[in-house]
Structures are given as structure tokens and as C-alpha cells.
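Structure file final-v6.tsv (TSV, C-alpha atoms and all ligand atoms) follows.
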chain	number	residue	atom	x	y	z
A	1	MET	CA	37.97	-10.18	36.76
A	2	GLY	CA	34.98	-8.01	37.67
A	3	ARG	CA	34.60	-4.40	36.68
A	4	ILE	CA	37.10	-1.88	38.03
A	5	TYR	CA	35.90	1.73	37.97
A	6	ASP	CA	38.11	4.67	37.05
A	7	SER	CA	36.51	7.40	39.13
A	8	ILE	CA	33.75	8.19	41.58
A	9	THR	CA	31.70	9.80	38.80
A	10	GLU	CA	31.23	6.38	37.19
A	11	LEU	CA	29.34	5.23	40.28
A	12	VAL	CA	26.45	7.65	39.79
A	13	GLY	CA	23.16	6.00	38.82
A	14	LYS	CA	23.88	2.47	40.00
A	15	THR	CA	20.79	2.50	42.22
A	16	PRO	CA	18.63	-0.59	42.73
A	17	LEU	CA	14.87	-0.98	42.41
A	18	VAL	CA	13.67	-3.20	45.25
A	19	ARG	CA	10.25	-4.78	45.84
A	20	LEU	CA	9.31	-4.06	49.44
A	21	HIS	CA	7.52	-7.34	50.16
A	22	ARG	CA	7.48	-7.31	53.95
A	23	TYR	CA	6.48	-3.68	54.13
A	24	GLU	CA	3.64	-4.36	51.64
A	25	GLU	CA	2.40	-7.35	53.64
A	26	ALA	CA	2.41	-5.46	56.94
A	27	GLU	CA	0.49	-2.56	55.39
A	28	GLY	CA	-2.06	-4.78	53.65
A	29	VAL	CA	-1.57	-3.09	50.29
A	30	LYS	CA	-2.73	-4.33	46.89
A	31	GLY	CA	-0.17	-2.78	44.57
A	32	HIS	CA	3.54	-3.59	44.31
A	33	ILE	CA	5.75	-1.01	45.96
A	34	LEU	CA	9.15	-0.73	44.26
A	35	GLY	CA	11.69	1.46	46.05
A	36	LYS	CA	14.34	3.18	43.94
A	37	PHE	CA	17.13	3.44	46.50
A	38	GLU	CA	18.92	6.62	45.54
A	39	TYR	CA	21.21	6.56	48.56
A	40	PHE	CA	23.29	4.03	46.60
A	41	ASN	CA	24.67	7.02	44.69
A	42	PRO	CA	28.27	7.77	45.72
A	43	SER	CA	27.60	10.77	47.94
A	44	GLY	CA	24.35	9.32	49.19
A	45	SER	CA	21.40	10.92	47.42
A	46	VAL	CA	19.40	11.34	44.23
A	47	LYS	CA	21.01	14.76	43.84
A	48	ASP	CA	24.33	13.23	42.78
A	49	ARG	CA	22.75	12.75	39.39
A	50	ALA	CA	21.89	16.42	38.96
A	51	ALA	CA	25.20	17.59	40.43
A	52	LEU	CA	27.27	15.49	38.04
A	53	ASN	CA	25.20	16.25	34.95
A	54	MET	CA	25.23	20.00	35.61
A	55	ILE	CA	29.03	19.88	35.90
A	56	LEU	CA	29.39	17.77	32.74
A	57	GLU	CA	27.13	20.02	30.66
A	58	ALA	CA	28.90	23.18	31.94
A	59	GLU	CA	32.27	21.66	31.02
A	60	TYR	CA	30.96	20.73	27.58
A	61	GLU	CA	29.64	24.27	27.04
A	62	GLY	CA	32.97	25.75	28.17
A	63	LYS	CA	31.42	27.59	31.14
A	64	LEU	CA	33.43	25.67	33.70
A	65	LYS	CA	37.19	25.95	33.40
A	66	PRO	CA	39.82	23.92	35.32
A	67	GLY	CA	40.31	25.10	38.91
A	68	MET	CA	37.20	27.31	38.98
A	69	THR	CA	34.90	27.69	41.97
A	70	ILE	CA	31.31	26.49	41.60
A	71	VAL	CA	28.69	28.18	43.77
A	72	ASP	CA	25.04	27.36	44.47
A	73	TYR	CA	22.19	27.91	46.91
A	74	THR	CA	21.45	24.52	48.46
A	75	SER	CA	19.57	22.70	51.19
A	76	GLY	CA	22.43	20.23	51.32
A	77	ASN	CA	22.10	17.20	49.10
A	78	THR	CA	22.96	18.92	45.81
A	79	GLY	CA	25.76	20.67	47.63
A	80	ILE	CA	27.13	17.40	48.97
A	81	GLY	CA	27.05	15.89	45.47
A	82	THR	CA	28.59	18.96	43.84
A	83	ALA	CA	31.34	19.18	46.49
A	84	THR	CA	32.13	15.48	45.94
A	85	PHE	CA	32.47	15.72	42.16
A	86	ALA	CA	34.20	19.11	42.38
A	87	ASN	CA	36.88	17.40	44.50
A	88	ALA	CA	37.18	14.53	42.05
A	89	LYS	CA	37.43	16.87	39.07
A	90	GLY	CA	39.64	19.61	40.53
A	91	TYR	CA	37.16	22.42	41.17
A	92	HIS	CA	36.34	24.32	44.36
A	93	TYR	CA	32.83	24.48	45.72
A	94	ALA	CA	31.10	27.18	47.75
A	95	ALA	CA	27.63	26.54	49.17
A	96	VAL	CA	25.17	29.19	50.26
A	97	ILE	CA	23.19	27.22	52.85
A	98	GLN	CA	19.41	27.36	52.94
A	99	PRO	CA	18.42	28.46	56.46
A	100	GLY	CA	17.02	25.76	58.80
A	101	VAL	CA	18.36	22.56	57.19
A	102	SER	CA	19.64	19.75	59.39
A	103	ILE	CA	23.05	20.30	61.00
A	104	GLU	CA	24.51	17.09	59.53
A	105	ARG	CA	24.28	18.56	56.04
A	106	SER	CA	26.54	21.51	56.78
A	107	GLN	CA	28.91	19.27	58.75
A	108	ILE	CA	29.27	16.97	55.73
A	109	LEU	CA	29.83	19.89	53.35
A	110	LYS	CA	32.54	21.23	55.62
A	111	ALA	CA	34.19	17.82	55.85
A	112	LEU	CA	34.22	17.66	52.04
A	113	GLY	CA	36.16	20.92	51.96
A	114	ALA	CA	33.34	23.13	50.70
A	115	GLU	CA	33.32	26.81	51.57
A	116	LEU	CA	30.17	27.40	53.63
A	117	LEU	CA	28.37	30.69	53.20
A	118	GLN	CA	25.30	31.98	54.97
A	119	VAL	CA	22.65	33.91	53.09
A	120	SER	CA	23.87	37.03	54.93
A	121	ASP	CA	27.21	36.67	53.07
A	122	VAL	CA	25.46	37.26	49.74
A	123	PRO	CA	24.57	40.90	49.05
A	124	GLY	CA	20.80	41.36	48.74
A	125	PHE	CA	19.89	37.82	49.89
A	126	THR	CA	18.56	38.63	53.37
A	127	GLU	CA	16.41	41.47	51.95
A	128	MET	CA	15.08	39.09	49.30
A	129	LEU	CA	14.10	36.49	51.93
A	130	LYS	CA	12.06	39.17	53.73
A	131	THR	CA	10.09	40.10	50.61
A	132	GLY	CA	9.67	36.47	49.45
A	133	LEU	CA	12.02	34.22	47.52
A	134	SER	CA	11.26	33.78	43.84
A	135	GLN	CA	13.31	31.93	41.24
A	136	ALA	CA	13.86	35.09	39.16
A	137	LYS	CA	15.07	37.12	42.16
A	138	LEU	CA	17.22	34.25	43.45
A	139	GLU	CA	18.93	33.92	40.07
A	140	GLU	CA	19.64	37.65	39.90
A	141	VAL	CA	21.11	37.85	43.40
A	142	MET	CA	23.21	34.69	43.00
A	143	GLU	CA	24.33	35.55	39.47
A	144	ASN	CA	25.57	38.99	40.60
A	145	PHE	CA	27.36	37.43	43.55
A	146	ALA	CA	29.06	34.78	41.40
A	147	ARG	CA	30.11	37.36	38.81
A	148	SER	CA	31.63	39.60	41.49
A	149	LYS	CA	33.78	36.65	42.61
A	150	GLY	CA	34.59	35.18	39.19
A	151	TRP	CA	32.76	31.96	40.17
A	152	TYR	CA	30.42	29.70	38.18
A	153	TYR	CA	26.82	29.75	39.46
A	154	ILE	CA	25.53	26.25	38.75
A	155	ASN	CA	21.90	27.20	39.57
A	156	GLN	CA	20.28	23.85	40.36
A	157	CYS	CA	16.81	25.46	40.46
A	158	GLY	CA	16.94	26.86	36.93
A	159	ASN	CA	19.43	24.57	35.20
A	160	PRO	CA	17.75	22.12	32.78
A	161	ALA	CA	20.82	19.85	33.05
A	162	ASN	CA	19.38	18.96	36.49
A	163	SER	CA	16.20	17.48	34.96
A	164	ARG	CA	18.13	15.98	32.04
A	165	ALA	CA	20.04	13.82	34.55
A	166	HIS	CA	16.76	11.98	35.09
A	167	ILE	CA	15.86	11.91	31.38
A	168	ILE	CA	19.15	10.15	30.60
A	169	GLY	CA	19.48	8.21	33.87
A	170	THR	CA	16.74	7.62	36.43
A	171	GLY	CA	13.89	7.37	33.90
A	172	PRO	CA	15.55	4.83	31.57
A	173	GLU	CA	16.77	2.78	34.57
A	174	ILE	CA	13.21	2.50	35.94
A	175	TRP	CA	11.88	1.64	32.50
A	176	GLU	CA	14.46	-1.09	31.98
A	177	ASP	CA	14.31	-2.52	35.50
A	178	THR	CA	10.51	-2.88	35.32
A	179	ALA	CA	10.61	-4.03	31.67
A	180	GLY	CA	8.26	-1.14	30.92
A	181	GLU	CA	5.77	-2.22	33.60
A	182	VAL	CA	5.66	1.02	35.56
A	183	ASP	CA	2.25	2.39	36.48
A	184	TYR	CA	3.00	5.10	39.06
A	185	VAL	CA	6.06	7.13	39.98
A	186	ILE	CA	6.24	9.18	43.19
A	187	GLN	CA	8.67	11.89	44.26
A	188	LEU	CA	8.80	15.02	46.36
A	189	VAL	CA	10.02	18.31	44.94
A	190	GLY	CA	12.89	20.62	45.78
A	191	THR	CA	14.08	22.00	42.44
A	192	GLY	CA	11.61	19.73	40.65
A	193	GLY	CA	14.49	18.25	38.63
A	194	THR	CA	13.67	14.65	39.48
A	195	LEU	CA	9.92	14.85	38.93
A	196	SER	CA	10.17	16.90	35.71
A	197	GLY	CA	12.82	14.58	34.26
A	198	LEU	CA	10.94	11.42	35.20
A	199	ALA	CA	7.65	12.78	33.85
A	200	SER	CA	9.30	13.80	30.56
A	201	TYR	CA	11.01	10.47	30.01
A	202	LEU	CA	8.40	8.02	31.28
A	203	ARG	CA	5.50	9.72	29.49
A	204	THR	CA	7.31	9.45	26.16
A	205	LYS	CA	7.49	5.70	26.79
A	206	ASN	CA	3.95	5.36	28.15
A	207	PRO	CA	1.60	8.38	28.30
A	208	ASP	CA	-0.55	6.59	30.90
A	209	VAL	CA	2.13	6.51	33.60
A	210	LYS	CA	0.77	8.33	36.66
A	211	VAL	CA	3.16	10.97	37.92
A	212	ILE	CA	2.49	11.65	41.60
A	213	GLY	CA	3.97	14.56	43.54
A	214	ALA	CA	4.01	15.06	47.28
A	215	GLN	CA	4.76	18.03	49.50
A	216	PRO	CA	4.88	18.87	53.21
A	217	ALA	CA	1.39	19.55	54.58
A	218	LYS	CA	0.69	23.09	55.80
A	219	GLN	CA	1.10	22.08	59.45
A	220	SER	CA	4.53	20.61	58.65
A	221	LEU	CA	6.05	23.74	57.13
A	222	LYS	CA	8.55	25.60	59.27
A	223	ASP	CA	8.13	29.35	59.42
A	224	SER	CA	9.24	32.19	61.66
A	225	ALA	CA	6.30	31.55	64.01
A	226	PHE	CA	7.10	27.80	64.23
A	227	PRO	CA	10.86	27.39	63.67
A	228	GLU	CA	11.05	24.12	65.63
A	229	ARG	CA	8.28	22.26	63.82
A	230	ASN	CA	8.82	18.75	62.47
A	231	THR	CA	9.15	19.12	58.73
A	232	ILE	CA	10.34	17.27	55.62
A	233	ASP	CA	13.85	18.53	54.98
A	234	GLY	CA	15.10	19.59	51.57
A	235	VAL	CA	11.74	19.81	49.78
A	236	LEU	CA	9.17	22.51	49.12
A	237	LYS	CA	5.48	23.10	48.68
A	238	PHE	CA	4.83	23.42	44.92
A	239	ASP	CA	1.12	22.64	44.50
A	240	GLY	CA	-1.39	25.37	45.30
A	241	VAL	CA	1.31	28.07	45.31
A	242	THR	CA	1.51	31.32	43.33
A	243	ASP	CA	3.00	31.10	39.82
A	244	ASP	CA	6.32	32.57	40.90
A	245	LYS	CA	6.79	29.67	43.36
A	246	VAL	CA	6.22	26.91	40.78
A	247	PRO	CA	9.64	25.30	40.11
A	248	ALA	CA	11.24	26.92	37.06
A	249	LEU	CA	12.10	23.43	35.76
A	250	PHE	CA	8.38	22.52	35.72
A	251	ASN	CA	7.78	25.48	33.41
A	252	TYR	CA	10.82	24.68	31.26
A	253	PHE	CA	9.80	21.03	30.74
A	254	HIS	CA	6.00	21.69	30.70
A	255	THR	CA	5.68	19.28	33.60
A	256	TYR	CA	2.27	18.24	34.84
A	257	TYR	CA	1.47	15.75	37.55
A	258	ASP	CA	-1.64	13.63	37.98
A	259	GLU	CA	-2.00	14.16	41.71
A	260	CYS	CA	-0.24	15.79	44.63
A	261	PHE	CA	-0.42	14.59	48.25
A	262	ASP	CA	0.08	16.75	51.34
A	263	VAL	CA	2.15	14.75	53.80
A	264	ILE	CA	2.32	15.38	57.55
A	265	ALA	CA	5.91	15.11	58.80
A	266	GLU	CA	5.00	12.64	61.54
A	267	ASP	CA	3.46	10.26	58.96
A	268	ALA	CA	6.70	10.44	56.93
A	269	TYR	CA	8.78	9.76	60.06
A	270	GLU	CA	6.60	6.84	61.18
A	271	THR	CA	6.77	5.32	57.68
A	272	GLY	CA	10.59	5.51	57.77
A	273	ARG	CA	10.68	3.84	61.19
A	274	LYS	CA	8.46	0.99	59.94
A	275	LEU	CA	10.54	0.51	56.80
A	276	VAL	CA	13.81	0.05	58.65
A	277	LYS	CA	12.20	-2.46	61.05
A	278	GLN	CA	10.46	-4.43	58.28
A	279	GLU	CA	13.04	-4.31	55.49
A	280	GLY	CA	16.27	-2.96	56.98
A	281	PHE	CA	16.38	0.10	54.71
A	282	PHE	CA	17.20	3.23	56.74
A	283	VAL	CA	15.84	6.17	54.75
A	284	GLY	CA	15.54	9.94	55.12
A	285	GLN	CA	12.56	12.24	55.53
A	286	SER	CA	11.47	12.81	51.94
A	287	ALA	CA	11.82	9.06	51.32
A	288	GLY	CA	9.54	8.38	54.30
A	289	ALA	CA	7.03	10.85	52.86
A	290	ALA	CA	7.18	9.34	49.36
A	291	LEU	CA	6.70	5.85	50.76
A	292	TRP	CA	3.73	7.02	52.84
A	293	VAL	CA	2.15	8.27	49.58
A	294	ALA	CA	2.95	4.97	47.84
A	295	THR	CA	1.13	3.15	50.66
A	296	GLN	CA	-1.99	5.30	50.22
A	297	ILE	CA	-2.03	4.64	46.47
A	298	ALA	CA	-1.25	0.94	46.86
A	299	LYS	CA	-4.37	0.47	49.00
A	300	ARG	CA	-6.69	1.75	46.27
A	301	PRO	CA	-8.66	-0.94	44.38
A	302	GLU	CA	-7.48	0.39	40.99
A	303	ALA	CA	-3.83	-0.07	42.09
A	304	ALA	CA	-4.19	-3.83	42.66
A	305	GLY	CA	-1.26	-5.59	40.95
A	306	LYS	CA	0.19	-2.29	39.65
A	307	ASN	CA	3.84	-1.28	39.97
A	308	ILE	CA	4.30	1.82	42.08
A	309	VAL	CA	7.84	3.17	41.86
A	310	VAL	CA	8.80	5.38	44.76
A	311	ILE	CA	11.96	7.48	44.73
A	312	LEU	CA	13.76	7.15	48.07
A	313	ALA	CA	15.99	10.19	47.83
A	314	ASP	CA	18.51	9.60	50.61
A	315	ASN	CA	19.28	7.66	53.78
A	316	ALA	CA	18.72	8.49	57.43
A	317	PHE	CA	22.20	9.46	58.53
A	318	LYS	CA	21.61	13.14	57.80
A	319	TYR	CA	18.51	13.23	60.01
A	320	LEU	CA	19.79	11.78	63.27
A	321	SER	CA	19.58	15.20	64.92
A	322	THR	CA	15.88	15.52	63.97
A	323	ASN	CA	12.88	13.86	65.60
A	324	MET	CA	12.57	11.24	62.85
A	325	TYR	CA	14.48	8.45	64.55
A	326	GLN	CA	14.40	9.61	68.18
A	401	LIG	C1	16.08	14.58	50.52
A	401	LIG	C2	15.58	15.17	49.24
A	401	LIG	N1	14.48	14.64	48.69
A	401	LIG	C3	13.97	15.14	47.54
A	401	LIG	C4	14.54	16.21	46.89
A	401	LIG	C5	13.90	16.75	45.65
A	401	LIG	O1	14.68	16.63	44.53
A	401	LIG	P1	14.55	17.64	43.31
A	401	LIG	O2	15.45	18.82	43.61
A	401	LIG	O3	15.03	16.86	42.13
A	401	LIG	O4	13.13	18.08	43.20
A	401	LIG	C6	15.69	16.79	47.44
A	401	LIG	C7	16.32	17.94	46.80
A	401	LIG	O5	17.34	18.45	47.22
A	401	LIG	C8	16.23	16.26	48.64
A	401	LIG	O6	17.34	16.78	49.21

Please, can you express the file's structure as C-alpha cells?
Amino acid sequence: MGRIYDSITELVGKTPLVRLHRYEEAEGVKGHILGKFEYFNPSGSVKDRAALNMILEAEYEGKLKPGMTIVDYTSGNTGIGTATFANAKGYHYAAVIQPGVSIERSQILKALGAELLQVSDVPGFTEMLKTGLSQAKLEEVMENFARSKGWYYINQCGNPANSRAHIIGTGPEIWEDTAGEVDYVIQLVGTGGTLSGLASYLRTKNPDVKVIGAQPAKQSLKDSAFPERNTIDGVLKFDGVTDDKVPALFNYFHTYYDECFDVIAEDAYETGRKLVKQEGFFVGQSAGAALWVATQIAKRPEAAGKNIVVILADNAFKYLSTNMYQ
């Protein structure tokens, strides 16, 4: 008999690394592009890893008691993962939704039974958004809110258990699946949990691994003047920002990256459309952006024959209402 699993939590981290041969050929690249398909996680994204590990560490530390409500500020994927494991483990989940994220994300959260809150439901949040969001201010506002309700604030942006999910999971998986032959790793940044965890783990194994970040280019950032712009959902600009905007987890883990690319949303979308036609993999916006970066690196002479691991954070189903696949 094959393996029978006991719970959905056991399915986290069973994500394959796939050589994208046909995509490589069509793009005329020299390096080997290896996609780490994180949508194979049970609720469909890389953030399942962080969600589960933050819950497990909070249980271990006695901060999360049976039946409690977990609350967080989320652009969707961490929320979807947390709601999923909260259901499986008997907790409630309340999500304060980041303004402007794709409609599918809130629909999924609702379907999972999460309580959906707008930033205006949290005292002090709207005022904070006007003066500029910083990690310290966000933590204070959310912490006060959670305390007033008797809830547990899981704090994906400041919780090192988020990065540790990649130190114990994603990093070792990549190392084993490439038999230590990993030359580059590429990921975009929301909380920075994935990139900080991967950098910490992979550099202990090989200090020469190139850690590459990517972020939406200036012309692909939504703001009040351009609310309808094409963007890359769920990720932030982290390079070339003021110190208070650097992800707290980068500071905590002393993360540095070798290079950061600015990606135009349309390039990310076009890359996603090519990938599904050439390989059949139907990925989301940050995955399209990460793969676009991998393509740029793979064309460099020094990348010939090198293994470029690209984190493909989620699939396309959450972006059908956006311009990516229309
Ligand atoms: C689609 C997508 N890609 C990438 C990321 C970045 O992940 P991290 O928060 O680990 O930086 C996120 C974060 O929510 C995401 O939703």
C-alpha cells in the first residue's frame, strides 16, 4: 500500500522542482531554469509553509490555545493558508484584508469560513495608512486590536517562524533535489519570509549561492493616482526604500541579496502566458515575474550550464479577474 496521510498539514512542502526544458529552448537561454512549484501546497501557495509553521510554533510556545481566533493583516495567500490550517486544527481565523488585492482572494477566504475585516474595522489603521505604513506601527495597531478582542495576532511580517518555514523546508528541499547543485535562487518579497529563509539556509550550505530578489517596477506600483494599474499582486518594493520599509524579517535574519530586479507587470504577465503554452504550468503574477528574472539571468554568459531555481509562488486561478490572462 502507498502512503496514507493523516491530515492536510502533512501535505505542506511536497512541492516539485521541474526543469522547464521547452520554455528554456523557446527563450534561447544558456542556464537551466528549475521551477519550484509552490502551488502544489495544499491551499495553493508558498505561504502555506509560513502559515503552518507560525501556528505550530505558537502552539509549542503556548500562545495559541484550543478554539482561539487567529488574526493577521494579509494580501491573501497567507490568509488562505492560515484559514485552511485553522479549520483543520480547530481555530477561527480573522483576516484584515490589504486594500486592492484581487477579488478572488477575499472570495476564497470567505468560502473557507474566515471572518473578513477591512482596515477601517481596525482602530487606527486608516490613519496609519495615510501617514505611511511601517512594520513597527502596523504591529502596534494590530497588537492592540488583537488584545482588545482576546485574539492571537500571528504577525506574518514580524514573525521569524515565517522565515524558519523555509529554513526547515523549502531550502533543504531545493538542496536535496538539486544534490547541492544550486547556483541561483529567485523570489519576490512580501514579508520577506521566503527570501530570508532561503538565503539563510542555502548560504550555510554554499556561501556562493546567488540570492536574487525582484520587485514591481515603479510604473507597476498601484497608488491613489493610478488605482487601476497592472501590478504584481501580493508583493512589495523592498530595494531602494527607506529603512522603515525594509522587511523586518530581513533585519532579523541579517538577509542580504546579490541583486534585485525591477519587473514591469506586463513582462510578468507575458512570461506567465508563455509558460502555460509551452509547459502547461498555469502560474500567478509573482511567479511570472520571478520566471522573467530567471530568463534574464539564464541568458548571461556566466550562467551557462548553471542551475537557476525560481520560486513559483502560486497558480493563476486567483488572477483571472486581472489583466494577466485576458
Ligand atoms: C503570490 C505571492 N508571491 C510571493 C510572495 C512573497 O512571499 P514572502 O511573504 O515570503 O516574501 C507572496 C506573499 O504573500 C505572495 O502572495

Mind running chain A against ligand LIG 401 (chain A) at 8 Å and telling me each contacting residue's nearest atom pair with the distance in Å (one decimal), counting all atoms listed in the file, chain and number ascending, as JSON lines?
{"residue": "A:Ser45", "atom": "CA", "partner": "A:LIG401", "partner_atom": "C1", "distance": 7.2}
{"residue": "A:Val46", "atom": "CA", "partner": "A:LIG401", "partner_atom": "O1", "distance": 7.1}
{"residue": "A:Lys47", "atom": "CA", "partner": "A:LIG401", "partner_atom": "O5", "distance": 6.2}
{"residue": "A:Ala50", "atom": "CA", "partner": "A:LIG401", "partner_atom": "O3", "distance": 7.6}
{"residue": "A:Thr74", "atom": "CA", "partner": "A:LIG401", "partner_atom": "O5", "distance": 7.4}
{"residue": "A:Ser75", "atom": "CA", "partner": "A:LIG401", "partner_atom": "O5", "distance": 6.2}
{"residue": "A:Gly76", "atom": "CA", "partner": "A:LIG401", "partner_atom": "O6", "distance": 6.5}
{"residue": "A:Asn77", "atom": "CA", "partner": "A:LIG401", "partner_atom": "O6", "distance": 4.8}
{"residue": "A:Thr78", "atom": "CA", "partner": "A:LIG401", "partner_atom": "O5", "distance": 5.8}
{"residue": "A:Gln156", "atom": "CA", "partner": "A:LIG401", "partner_atom": "O2", "distance": 7.7}
{"residue": "A:Cys157", "atom": "CA", "partner": "A:LIG401", "partner_atom": "O2", "distance": 7.5}
{"residue": "A:Asn162", "atom": "CA", "partner": "A:LIG401", "partner_atom": "O3", "distance": 7.4}
{"residue": "A:Ser163", "atom": "CA", "partner": "A:LIG401", "partner_atom": "O3", "distance": 7.3}
{"residue": "A:Gln187", "atom": "CA", "partner": "A:LIG401", "partner_atom": "C3", "distance": 7.0}
{"residue": "A:Leu188", "atom": "CA", "partner": "A:LIG401", "partner_atom": "C3", "distance": 5.3}
{"residue": "A:Val189", "atom": "CA", "partner": "A:LIG401", "partner_atom": "O4", "distance": 3.6}
{"residue": "A:Gly190", "atom": "CA", "partner": "A:LIG401", "partner_atom": "O4", "distance": 3.6}
{"residue": "A:Thr191", "atom": "CA", "partner": "A:LIG401", "partner_atom": "O2", "distance": 3.7}
{"residue": "A:Gly192", "atom": "CA", "partner": "A:LIG401", "partner_atom": "O4", "distance": 3.4}
{"residue": "A:Gly193", "atom": "CA", "partner": "A:LIG401", "partner_atom": "O3", "distance": 3.8}
{"residue": "A:Thr194", "atom": "CA", "partner": "A:LIG401", "partner_atom": "O3", "distance": 3.7}
{"residue": "A:Leu195", "atom": "CA", "partner": "A:LIG401", "partner_atom": "O4", "distance": 6.2}
{"residue": "A:Asp233", "atom": "CA", "partner": "A:LIG401", "partner_atom": "C1", "distance": 6.4}
{"residue": "A:Gly234", "atom": "CA", "partner": "A:LIG401", "partner_atom": "O6", "distance": 4.3}
{"residue": "A:Val235", "atom": "CA", "partner": "A:LIG401", "partner_atom": "C4", "distance": 5.4}
{"residue": "A:Gly284", "atom": "CA", "partner": "A:LIG401", "partner_atom": "C1", "distance": 6.6}
{"residue": "A:Gln285", "atom": "CA", "partner": "A:LIG401", "partner_atom": "C1", "distance": 6.6}
{"residue": "A:Ser286", "atom": "CA", "partner": "A:LIG401", "partner_atom": "N1", "distance": 4.8}
{"residue": "A:Ala287", "atom": "CA", "partner": "A:LIG401", "partner_atom": "N1", "distance": 6.7}
{"residue": "A:Leu312", "atom": "CA", "partner": "A:LIG401", "partner_atom": "N1", "distance": 7.6}
{"residue": "A:Ala313", "atom": "CA", "partner": "A:LIG401", "partner_atom": "N1", "distance": 4.8}
{"residue": "A:Asp314", "atom": "CA", "partner": "A:LIG401", "partner_atom": "C1", "distance": 5.5}

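The spacing separating atom CA of A:Val211 from atom CA of A:Gly197 amounts to 10.9 Å.
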
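One distance worth recording is that between atom CA of A:Pro160 and atom CA of A:Val246, which is 14.8 Å.
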
Fill in: Residue neighbourhood A:Tyr201, 9 Å, all atoms listed in the file, exclusion window fewer than 4 positions, as an MDAnalysis selection string
chainID A and resid 166:168 171:172 196:197 205:206

Worksheet item: atom CA of A:Gly305 to atom CA of A:Asn41: how many Å, to one decimal?
Response: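 According to the coordinates, atom CA of A:Gly305 and atom CA of A:Asn41 are separated by 29.1 Å.
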
Practice prompt. Mind checking which residues fall within 12 Å of A:Glu59, counting all atoms listed in the file, ignoring those fewer than 4 positions away in the same chain, and posting them as a list in words?
Written response: Leu52, Asn53, Met54, Ile55, Lys63, Leu64, Lys65, Pro66, Gly67, Met68, Ile70, Ala86, Lys89, Tyr91, Tyr152, Ile154 and Ala161 of chain A

Practice prompt. Could you give me, as a list in words, the residues within 12 Å of A:Gly44, counting all atoms listed in the file and dropping anything in the same chain fewer than 6 positions from it?
Written response: Leu11, Val12, Gly13, Lys14, Thr15, Phe37, Glu38, Gly76, Asn77, Thr78, Gly79, Ile80, Gly81, Thr82, Thr84, Arg105, Ile108, Val283, Gly284, Leu312, Ala313, Asp314, Asn315, Ala316, Phe317 and Lys318 of chain A

Kindly complete stretch 304-325 of chain A to N, CA and C atoms; the output should be written as an mmCIF file, in the frame of the given file.
data_model
loop_
_atom_site.group_PDB
_atom_site.id
_atom_site.type_symbol
_atom_site.label_atom_id
_atom_site.label_comp_id
_atom_site.auth_asym_id
_atom_site.auth_seq_id
_atom_site.Cartn_x
_atom_site.Cartn_y
_atom_site.Cartn_z
ATOM 1 N N ALA A 304 -4.472 -2.405 42.427
ATOM 2 C CA ALA A 304 -4.190 -3.830 42.660
ATOM 3 C C ALA A 304 -3.295 -4.370 41.535
ATOM 4 N N GLY A 305 -2.182 -4.983 41.924
ATOM 5 C CA GLY A 305 -1.260 -5.590 40.950
ATOM 6 C C GLY A 305 -0.421 -4.603 40.154
ATOM 7 N N LYS A 306 -0.576 -3.291 40.416
ATOM 8 C CA LYS A 306 0.190 -2.290 39.650
ATOM 9 C C LYS A 306 1.562 -2.059 40.286
ATOM 10 N N ASN A 307 2.503 -1.596 39.465
ATOM 11 C CA ASN A 307 3.840 -1.280 39.970
ATOM 12 C C ASN A 307 3.944 0.199 40.324
ATOM 13 N N ILE A 308 4.211 0.440 41.575
ATOM 14 C CA ILE A 308 4.300 1.820 42.080
ATOM 15 C C ILE A 308 5.763 2.073 42.427
ATOM 16 N N VAL A 309 6.411 2.905 41.630
ATOM 17 C CA VAL A 309 7.840 3.170 41.860
ATOM 18 C C VAL A 309 7.962 4.412 42.732
ATOM 19 N N VAL A 310 8.664 4.261 43.839
ATOM 20 C CA VAL A 310 8.800 5.380 44.760
ATOM 21 C C VAL A 310 10.282 5.743 44.881
ATOM 22 N N ILE A 311 10.560 7.026 44.668
ATOM 23 C CA ILE A 311 11.960 7.480 44.730
ATOM 24 C C ILE A 311 12.312 7.734 46.199
ATOM 25 N N LEU A 312 13.314 7.011 46.677
ATOM 26 C CA LEU A 312 13.760 7.150 48.070
ATOM 27 C C LEU A 312 15.071 7.934 48.002
ATOM 28 N N ALA A 313 14.947 9.244 48.254
ATOM 29 C CA ALA A 313 15.990 10.190 47.830
ATOM 30 C C ALA A 313 17.310 10.061 48.571
ATOM 31 N N ASP A 314 17.237 9.734 49.870
ATOM 32 C CA ASP A 314 18.510 9.600 50.610
ATOM 33 C C ASP A 314 18.314 8.708 51.829
ATOM 34 N N ASN A 315 19.404 8.511 52.588
ATOM 35 C CA ASN A 315 19.280 7.660 53.780
ATOM 36 C C ASN A 315 19.173 8.506 55.043
ATOM 37 N N ALA A 316 19.106 7.816 56.183
ATOM 38 C CA ALA A 316 18.720 8.490 57.430
ATOM 39 C C ALA A 316 19.858 9.201 58.135
ATOM 40 N N PHE A 317 21.092 8.964 57.709
ATOM 41 C CA PHE A 317 22.200 9.460 58.530
ATOM 42 C C PHE A 317 22.225 10.980 58.681
ATOM 43 N N LYS A 318 21.603 11.678 57.708
ATOM 44 C CA LYS A 318 21.610 13.140 57.800
ATOM 45 C C LYS A 318 20.492 13.669 58.688
ATOM 46 N N TYR A 319 19.687 12.777 59.257
ATOM 47 C CA TYR A 319 18.510 13.230 60.010
ATOM 48 C C TYR A 319 18.542 12.756 61.455
ATOM 49 N N LEU A 320 19.714 12.312 61.906
ATOM 50 C CA LEU A 320 19.790 11.780 63.270
ATOM 51 C C LEU A 320 19.557 12.861 64.326
ATOM 52 N N SER A 321 19.801 14.114 63.950
ATOM 53 C CA SER A 321 19.580 15.200 64.920
ATOM 54 C C SER A 321 18.104 15.647 64.935
ATOM 55 N N THR A 322 17.300 15.121 64.021
ATOM 56 C CA THR A 322 15.880 15.520 63.970
ATOM 57 C C THR A 322 15.042 14.526 64.769
ATOM 58 N N ASN A 323 13.739 14.761 64.823
ATOM 59 C CA ASN A 323 12.880 13.860 65.600
ATOM 60 C C ASN A 323 12.524 12.564 64.869
ATOM 61 N N MET A 324 13.028 12.386 63.635
ATOM 62 C CA MET A 324 12.570 11.240 62.850
ATOM 63 C C MET A 324 12.883 9.892 63.515
ATOM 64 N N TYR A 325 14.106 9.748 63.985
ATOM 65 C CA TYR A 325 14.480 8.450 64.550
ATOM 66 C C TYR A 325 14.763 8.537 66.048
#
